[in-house]
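What's in final.cif: mmCIF, C-alpha atoms
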```cif
data_coords
#
loop_
_atom_site.label_atom_id
_atom_site.label_comp_id
_atom_site.auth_asym_id
_atom_site.auth_seq_id
_atom_site.Cartn_x
_atom_site.Cartn_y
_atom_site.Cartn_z
CA MET A 23 -16.75 -14.50 -15.21
CA ARG A 24 -15.41 -15.43 -11.78
CA LEU A 25 -11.73 -14.64 -11.25
CA SER A 26 -9.54 -17.16 -9.45
CA ARG A 27 -7.42 -16.38 -6.40
CA THR A 28 -4.30 -16.47 -8.58
CA HIS A 29 -5.55 -13.83 -11.03
CA PRO A 30 -3.30 -10.70 -11.06
CA LEU A 31 -6.28 -8.57 -9.99
CA ILE A 32 -7.26 -10.79 -7.03
CA ARG A 33 -4.00 -12.26 -5.73
CA PRO A 34 -2.60 -8.97 -4.27
CA LEU A 35 -5.70 -8.37 -2.13
CA VAL A 36 -4.83 -11.03 0.47
CA ASP A 37 -2.62 -13.87 -0.80
CA ASP A 38 0.17 -11.59 -2.06
CA ASN A 39 -0.71 -8.28 -0.43
CA PRO A 40 2.15 -5.78 -0.88
CA VAL A 41 1.83 -4.53 2.71
CA THR A 42 0.93 -7.55 4.85
CA LEU A 43 3.02 -10.12 2.97
CA GLN A 44 5.78 -8.18 1.20
CA ILE A 45 6.00 -5.41 3.87
CA LEU A 46 6.20 -2.64 1.24
CA GLY A 47 4.73 0.88 1.12
CA LEU A 48 4.78 1.35 4.88
CA CYS A 49 5.97 4.99 4.91
CA SER A 50 2.77 6.43 3.48
CA ALA A 51 0.66 3.95 5.44
CA LEU A 52 2.19 5.32 8.64
CA ALA A 53 2.15 8.98 7.66
CA VAL A 54 -1.13 9.72 5.82
CA SER A 55 -3.55 7.36 7.54
CA SER A 56 -4.70 9.63 10.35
CA SER A 57 -8.03 10.15 8.54
CA LEU A 58 -9.89 8.63 5.63
CA ARG A 59 -9.91 11.55 3.19
CA PRO A 60 -6.14 11.89 2.61
CA ALA A 61 -5.80 8.09 2.74
CA LEU A 62 -8.43 7.75 0.02
CA ILE A 63 -6.70 10.34 -2.19
CA MET A 64 -3.34 8.63 -1.67
CA SER A 65 -4.88 5.24 -2.48
CA ILE A 66 -6.37 6.50 -5.75
CA SER A 67 -3.05 8.15 -6.65
CA VAL A 68 -1.09 4.94 -6.08
CA ILE A 69 -3.58 2.88 -8.10
CA VAL A 70 -3.36 5.31 -11.04
CA VAL A 71 0.44 5.41 -10.95
CA LEU A 72 0.70 1.61 -10.69
CA ALA A 73 -1.71 1.05 -13.58
CA PHE A 74 0.00 3.67 -15.79
CA SER A 75 3.55 2.51 -15.09
CA ASN A 76 2.72 -1.18 -15.53
CA VAL A 77 0.96 -0.59 -18.86
CA SER A 78 3.75 1.70 -20.12
CA VAL A 79 6.53 -0.73 -19.18
CA SER A 80 4.60 -3.65 -20.69
CA LEU A 81 4.15 -1.76 -23.97
CA LEU A 82 7.87 -0.94 -24.09
CA ARG A 83 9.16 -4.27 -22.74
CA TYR A 84 10.70 -5.32 -26.08
CA VAL A 85 12.47 -2.02 -26.76
CA LEU A 86 13.70 -0.95 -23.31
CA PRO A 87 17.51 -0.96 -23.40
CA ARG A 88 18.84 -3.18 -20.64
CA SER A 89 21.57 -0.68 -19.66
CA VAL A 90 19.14 2.16 -18.88
CA ARG A 91 16.01 0.13 -18.11
CA LEU A 92 15.66 1.20 -14.47
CA ILE A 93 16.23 4.87 -15.33
CA LEU A 94 13.49 4.77 -17.96
CA GLU A 95 11.10 2.98 -15.60
CA MET A 96 11.72 5.60 -12.93
CA THR A 97 11.13 8.35 -15.52
CA ILE A 98 7.78 6.81 -16.45
CA ILE A 99 6.76 6.56 -12.79
CA ALA A 100 7.95 10.10 -12.00
CA SER A 101 6.00 11.51 -14.96
CA ALA A 102 2.79 9.95 -13.68
CA VAL A 103 3.45 11.23 -10.16
CA VAL A 104 4.07 14.80 -11.39
CA VAL A 105 0.72 14.78 -13.23
CA ILE A 106 -1.07 13.40 -10.14
CA ASP A 107 0.55 16.04 -7.92
CA GLU A 108 -0.49 18.89 -10.22
CA VAL A 109 -4.07 17.58 -10.44
CA LEU A 110 -4.30 17.41 -6.63
CA LYS A 111 -2.97 20.96 -6.29
CA ALA A 112 -5.53 22.21 -8.80
CA PHE A 113 -8.65 20.41 -7.53
CA VAL A 114 -8.04 19.49 -3.85
CA PRO A 115 -5.39 21.91 -2.57
CA GLY A 116 -6.26 21.21 1.07
CA VAL A 117 -5.60 17.49 0.71
CA SER A 118 -2.55 18.21 -1.43
CA ALA A 119 -1.10 20.27 1.42
CA ILE A 120 -1.73 17.42 3.88
CA LEU A 121 -0.16 14.83 1.62
CA SER A 122 2.64 17.25 0.63
CA VAL A 123 5.86 15.31 0.15
CA PHE A 124 4.23 11.88 0.36
CA VAL A 125 2.72 12.11 -3.13
CA GLY A 126 6.19 12.79 -4.50
CA LEU A 127 7.50 9.80 -2.60
CA ILE A 128 5.27 7.51 -4.68
CA VAL A 129 8.21 7.64 -7.10
CA THR A 130 10.32 5.72 -4.60
CA ASN A 131 7.50 3.42 -3.45
CA CYS A 132 8.90 -0.09 -3.75
CA ILE A 133 5.49 -1.43 -4.81
CA VAL A 134 5.43 0.67 -8.00
CA LEU A 135 8.95 -0.03 -9.23
CA GLY A 136 8.75 -3.63 -8.03
CA ARG A 137 5.67 -4.44 -10.12
CA ALA A 138 7.09 -2.70 -13.18
CA GLU A 139 10.39 -4.56 -12.86
CA THR A 140 9.19 -8.03 -11.84
CA PHE A 141 5.82 -8.29 -13.61
CA ALA A 142 5.16 -5.72 -16.34
CA ARG A 143 8.49 -6.43 -18.07
CA TYR A 144 7.47 -10.04 -18.70
CA ASN A 145 3.69 -9.91 -19.25
CA THR A 146 1.06 -8.57 -21.61
CA VAL A 147 -0.57 -5.18 -21.31
CA GLY A 148 -3.85 -6.64 -20.03
CA ALA A 149 -2.19 -8.74 -17.34
CA SER A 150 0.06 -5.83 -16.35
CA LEU A 151 -2.93 -3.49 -16.03
CA ALA A 152 -4.74 -6.03 -13.82
CA ASP A 153 -1.60 -6.51 -11.72
CA GLY A 154 -1.15 -2.76 -11.25
CA ILE A 155 -4.76 -2.22 -10.23
CA GLY A 156 -4.72 -5.33 -8.01
CA ASN A 157 -1.61 -4.26 -6.12
CA GLY A 158 -2.99 -0.75 -5.80
CA LEU A 159 -6.21 -2.14 -4.34
CA GLY A 160 -4.26 -4.40 -1.97
CA TYR A 161 -2.27 -1.41 -0.73
CA SER A 162 -5.45 0.69 -0.50
CA LEU A 163 -7.26 -1.99 1.49
CA ILE A 164 -4.66 -1.80 4.25
CA LEU A 165 -4.25 1.99 4.11
CA LEU A 166 -7.99 2.66 4.31
CA SER A 167 -8.49 0.09 7.08
CA VAL A 168 -5.80 1.76 9.17
CA ALA A 169 -7.18 5.24 8.42
CA ALA A 170 -10.73 4.23 9.32
CA LEU A 171 -9.66 2.82 12.69
CA ARG A 172 -7.46 5.81 13.49
CA GLU A 173 -10.07 8.41 12.56
CA LEU A 174 -12.95 6.60 14.27
CA LEU A 175 -11.12 5.90 17.52
CA GLY A 176 -9.22 9.20 17.44
CA SER A 177 -12.13 11.53 16.77
CA GLY A 178 -15.31 9.45 16.86
CA ALA A 179 -16.07 10.31 13.23
CA LEU A 180 -15.52 9.12 9.66
CA PHE A 181 -15.24 11.62 6.80
CA GLY A 182 -16.27 14.26 9.33
CA VAL A 183 -19.56 12.48 10.18
CA THR A 184 -19.87 11.77 13.92
CA LEU A 185 -20.47 8.10 14.67
CA LEU A 186 -19.34 8.03 18.31
CA PRO A 187 -20.68 11.11 20.19
CA VAL A 188 -17.75 12.61 22.10
CA LEU A 189 -17.81 13.87 25.68
CA ALA A 190 -17.08 17.45 24.61
CA ASP A 191 -20.39 17.52 22.74
CA GLY A 192 -22.37 15.81 25.49
CA GLY A 193 -21.79 12.29 24.24
CA TRP A 194 -20.22 9.25 25.85
CA TYR A 195 -17.04 8.62 23.87
CA ARG A 196 -13.63 9.90 24.95
CA PRO A 197 -11.40 10.18 21.83
CA ASN A 198 -8.15 8.25 21.98
CA ALA A 199 -5.46 10.85 21.29
CA MET A 200 -2.85 8.16 20.62
CA MET A 201 -4.71 7.18 17.45
CA GLN A 202 -3.80 10.55 15.92
CA SER A 203 -0.08 9.84 16.23
CA SER A 204 1.96 7.85 13.70
CA PRO A 205 2.98 5.05 16.12
CA SER A 206 -0.66 3.93 16.31
CA ALA A 207 -0.57 3.13 12.59
CA PHE A 208 2.52 0.99 13.19
CA PHE A 209 0.70 -1.08 15.82
CA ILE A 210 -2.49 -1.39 13.73
CA ILE A 211 -0.53 -2.59 10.69
CA GLY A 212 1.31 -5.07 12.91
CA LEU A 213 -2.00 -6.44 14.17
CA LEU A 214 -3.34 -6.66 10.61
CA ILE A 215 -0.26 -8.61 9.52
CA TRP A 216 -0.66 -10.94 12.51
CA GLY A 217 -4.37 -11.40 11.74
CA VAL A 218 -3.83 -12.17 8.05
CA ARG A 219 -1.01 -14.62 8.74
CA SER A 220 -3.05 -16.34 11.44
CA TRP A 221 -5.83 -16.74 8.87
CA ARG A 222 -3.54 -17.71 5.99
CA THR A 223 -0.91 -19.75 7.80
CA GLU A 224 0.94 -20.49 4.55
CA GLN A 225 2.15 -16.86 4.63
CA VAL A 226 4.15 -17.42 7.84
CA GLU A 227 7.88 -17.49 7.06
CA GLN A 228 9.93 -20.37 8.31
CA PRO A 229 12.52 -19.33 10.92
CA ALA A 230 16.02 -18.89 9.54
CA PHE A 231 17.45 -20.48 12.68
CA SER A 232 16.09 -22.91 15.23
CA VAL A 233 17.42 -25.04 18.07
CA ARG A 234 16.66 -28.18 16.07
CA HIS A 235 18.72 -26.94 13.12
CA ALA A 236 21.58 -26.09 15.45
CA GLU A 237 21.47 -29.56 17.05
CA GLN A 238 21.41 -31.25 13.65
CA ARG A 239 24.37 -29.18 12.52
CA GLU A 240 26.37 -30.06 15.65
CA THR A 241 25.55 -33.76 15.20
CA SER A 242 26.68 -33.73 11.55
CA GLN A 243 29.96 -32.14 12.57
#
```
In structure tokens, how does this file's structure come out?
Amino acid sequence: MRLSRTHPLIRPLVDDNPVTLQILGLCSALAVSSSLRPALIMSISVIVVLAFSNVSVSLLRYVLPRSVRLILEMTIIASAVVVIDEVLKAFVPGVSAILSVFVGLIVTNCIVLGRAETFARYNTVGASLADGIGNGLGYSLILLSVAALRELLGSGALFGVTLLPVLADGGWYRPNAMMQSSPSAFFIIGLLIWGVRSWRTEQVEQPAFSVRHAEQRETSQ
């Protein structure tokens, strides 16, 4: 069965991407995207947390007390993050050390709490699961794209496999050291946002102020 562009699993990939449209989850995208391996682990972690929190909130949507709703949602998200953090420490300690505090910061990731609060509270378990996975994939698409560019241009390799032979090893490519610094991720994400909004012009926000609006206001006065 072909899914439409408005399906909760498909819409967050481009049309309602949490990074390029909603400008959420930028901290980890800037900090852990210097190479593909930690970016991949972070992406999987965010997808799992989003799916778990969305399903849990959807299951409890009729019994969550309004007065402590946000606290309970944060507790659900934090529980999932603690489990993810312990699993990483047990099975990939090297990556866990690289990600360090950023896994814990998934708790405060606006994407996770935002989907639980604005979608899972009002929709079925199936739709909430699809929405969680879809938003996780949308976030991962941007994070992995940034990481791939930074690692390839910064070291000439992907996942440790040399694709651009570097000068130090007798090759032709001179690694771009700037790509290993966090500001490069900021510029790459900016270019991705510009590219997506040039492609999907309906995503471009209307200016809050313009000369025409000012002239019309002066005329009316």
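Of the residues listed (A:Leu52, A:Val183, A:Ile133, A:Leu171), A:Ile133 shows the shortest atom-to-atom separation from Gly156 in chain A; distances use only C-alpha atoms.
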Selection: 6 Å around Gly160 in chain A, all atoms listed in the file, excl. self and same-chain fewer than 5 positions, as a short mmCIF file (atom, residue, chain, number, x, y, z; two decimals) with C-alpha atoms, keeping the file's coordinate frame:
```
data_model
loop_
_atom_site.label_atom_id
_atom_site.label_comp_id
_atom_site.auth_asym_id
_atom_site.auth_seq_id
_atom_site.Cartn_x
_atom_site.Cartn_y
_atom_site.Cartn_z
CA PRO A 34 -2.60 -8.97 -4.27
CA LEU A 35 -5.70 -8.37 -2.13
CA ASN A 39 -0.71 -8.28 -0.43
#
```
Kindly give the distance, in Å, that separates CA of Val226 in chain A and CA of Ala169 in chain A, rounded to a single decimal.
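Between these atoms lies a distance of 25.3 Å.
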Best match for closeness to Leu81 in chain A among A:Val134, A:Met64, A:Val147, A:Leu43, counting all atoms listed in the file
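Smallest separation from Leu81 in chain A among the options: A:Val147.
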Just the residues within 9 Å of Ile128 in chain A, please, counting all atoms listed in the file, with nothing from its chain fewer than 5 positions along; format it as a count of residues only.
10
Pick out the closest residue to Leu159 in chain A from this set: A:Asp38, A:Asp191, A:Glu227, A:Asp107. Count all atoms listed in the file.
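Among the listed residues, A:Asp38 lies closest to Leu159 in chain A.
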Do you know which residues are at most 12 Å from Gly136 in chain A counting all atoms listed in the file, after dropping those on the same chain fewer than 6 positions away, and could you put them as a tab-separated table (two decimals) with C-alpha atoms, in the coordinates of the input?
```tsv
chain	number	residue	atom	x	y	z
A	40	PRO	CA	2.15	-5.78	-0.88
A	44	GLN	CA	5.78	-8.18	1.20
A	46	LEU	CA	6.20	-2.64	1.24
A	47	GLY	CA	4.73	0.88	1.12
A	72	LEU	CA	0.70	1.61	-10.69
A	75	SER	CA	3.55	2.51	-15.09
A	76	ASN	CA	2.72	-1.18	-15.53
A	79	VAL	CA	6.53	-0.73	-19.18
A	92	LEU	CA	15.66	1.20	-14.47
A	95	GLU	CA	11.10	2.98	-15.60
A	96	MET	CA	11.72	5.60	-12.93
A	99	ILE	CA	6.76	6.56	-12.79
A	129	VAL	CA	8.21	7.64	-7.10
A	130	THR	CA	10.32	5.72	-4.60
A	142	ALA	CA	5.16	-5.72	-16.34
A	143	ARG	CA	8.49	-6.43	-18.07
A	153	ASP	CA	-1.60	-6.51	-11.72
A	154	GLY	CA	-1.15	-2.76	-11.25
A	157	ASN	CA	-1.61	-4.26	-6.12
```
Check the smallest atom-to-atom distance from each of A:Lys111, A:Arg196, A:Arg91, A:Arg137 to Leu175 in chain A using all atoms listed in the file, then report the winner.
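Checking each of A:Lys111, A:Arg196, A:Arg91, A:Arg137 against Leu175 in chain A, counting all atoms listed in the file, the winner is A:Arg196.
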Between CA of Thr146 in chain A and CA of Arg33 in chain A, what is the distance in Å, rounded to a tenth?
17.1 Å
Check what the PyMOL selection byres ((chain A and resi 203-213) around 12) selects in the file above and give those residues as an mmCIF file with C-alpha atoms, keeping the file's coordinate frame.
```cif
data_model
loop_
_atom_site.group_PDB
_atom_site.id
_atom_site.type_symbol
_atom_site.label_atom_id
_atom_site.label_comp_id
_atom_site.auth_asym_id
_atom_site.auth_seq_id
_atom_site.Cartn_x
_atom_site.Cartn_y
_atom_site.Cartn_z
ATOM 1 C CA VAL A 41 1.830 -4.530 2.710
ATOM 2 C CA THR A 42 0.930 -7.550 4.850
ATOM 3 C CA LEU A 43 3.020 -10.120 2.970
ATOM 4 C CA ILE A 45 6.000 -5.410 3.870
ATOM 5 C CA LEU A 46 6.200 -2.640 1.240
ATOM 6 C CA GLY A 47 4.730 0.880 1.120
ATOM 7 C CA LEU A 48 4.780 1.350 4.880
ATOM 8 C CA CYS A 49 5.970 4.990 4.910
ATOM 9 C CA SER A 50 2.770 6.430 3.480
ATOM 10 C CA ALA A 51 0.660 3.950 5.440
ATOM 11 C CA LEU A 52 2.190 5.320 8.640
ATOM 12 C CA ALA A 53 2.150 8.980 7.660
ATOM 13 C CA VAL A 54 -1.130 9.720 5.820
ATOM 14 C CA SER A 55 -3.550 7.360 7.540
ATOM 15 C CA SER A 56 -4.700 9.630 10.350
ATOM 16 C CA SER A 57 -8.030 10.150 8.540
ATOM 17 C CA TYR A 161 -2.270 -1.410 -0.730
ATOM 18 C CA LEU A 163 -7.260 -1.990 1.490
ATOM 19 C CA ILE A 164 -4.660 -1.800 4.250
ATOM 20 C CA LEU A 165 -4.250 1.990 4.110
ATOM 21 C CA LEU A 166 -7.990 2.660 4.310
ATOM 22 C CA SER A 167 -8.490 0.090 7.080
ATOM 23 C CA VAL A 168 -5.800 1.760 9.170
ATOM 24 C CA ALA A 169 -7.180 5.240 8.420
ATOM 25 C CA ALA A 170 -10.730 4.230 9.320
ATOM 26 C CA LEU A 171 -9.660 2.820 12.690
ATOM 27 C CA ARG A 172 -7.460 5.810 13.490
ATOM 28 C CA GLU A 173 -10.070 8.410 12.560
ATOM 29 C CA LEU A 175 -11.120 5.900 17.520
ATOM 30 C CA GLY A 176 -9.220 9.200 17.440
ATOM 31 C CA ASN A 198 -8.150 8.250 21.980
ATOM 32 C CA ALA A 199 -5.460 10.850 21.290
ATOM 33 C CA MET A 200 -2.850 8.160 20.620
ATOM 34 C CA MET A 201 -4.710 7.180 17.450
ATOM 35 C CA GLN A 202 -3.800 10.550 15.920
ATOM 36 C CA LEU A 214 -3.340 -6.660 10.610
ATOM 37 C CA ILE A 215 -0.260 -8.610 9.520
ATOM 38 C CA TRP A 216 -0.660 -10.940 12.510
ATOM 39 C CA GLY A 217 -4.370 -11.400 11.740
ATOM 40 C CA VAL A 218 -3.830 -12.170 8.050
ATOM 41 C CA ARG A 219 -1.010 -14.620 8.740
ATOM 42 C CA SER A 220 -3.050 -16.340 11.440
#
```
Using all atoms listed in the file for the distances, tell me which of A:Pro60, A:Val125, A:Ala73, A:Pro197 is nearest to Val109 in chain A.
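Looking only at the distances to Val109 in chain A, the closest residue turns out to be A:Val125.
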In Å to one decimal, how far is CA of Ala152 in chain A from CA of Val85 in chain A?
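According to the coordinates, CA of Val85 in chain A and CA of Ala152 in chain A are separated by 21.9 Å.
Counting only C-alpha atoms and comparing A:Leu121, A:Leu62, A:Val77, A:Leu185, the residue that lies closest to Gly148 in chain A is A:Val77.
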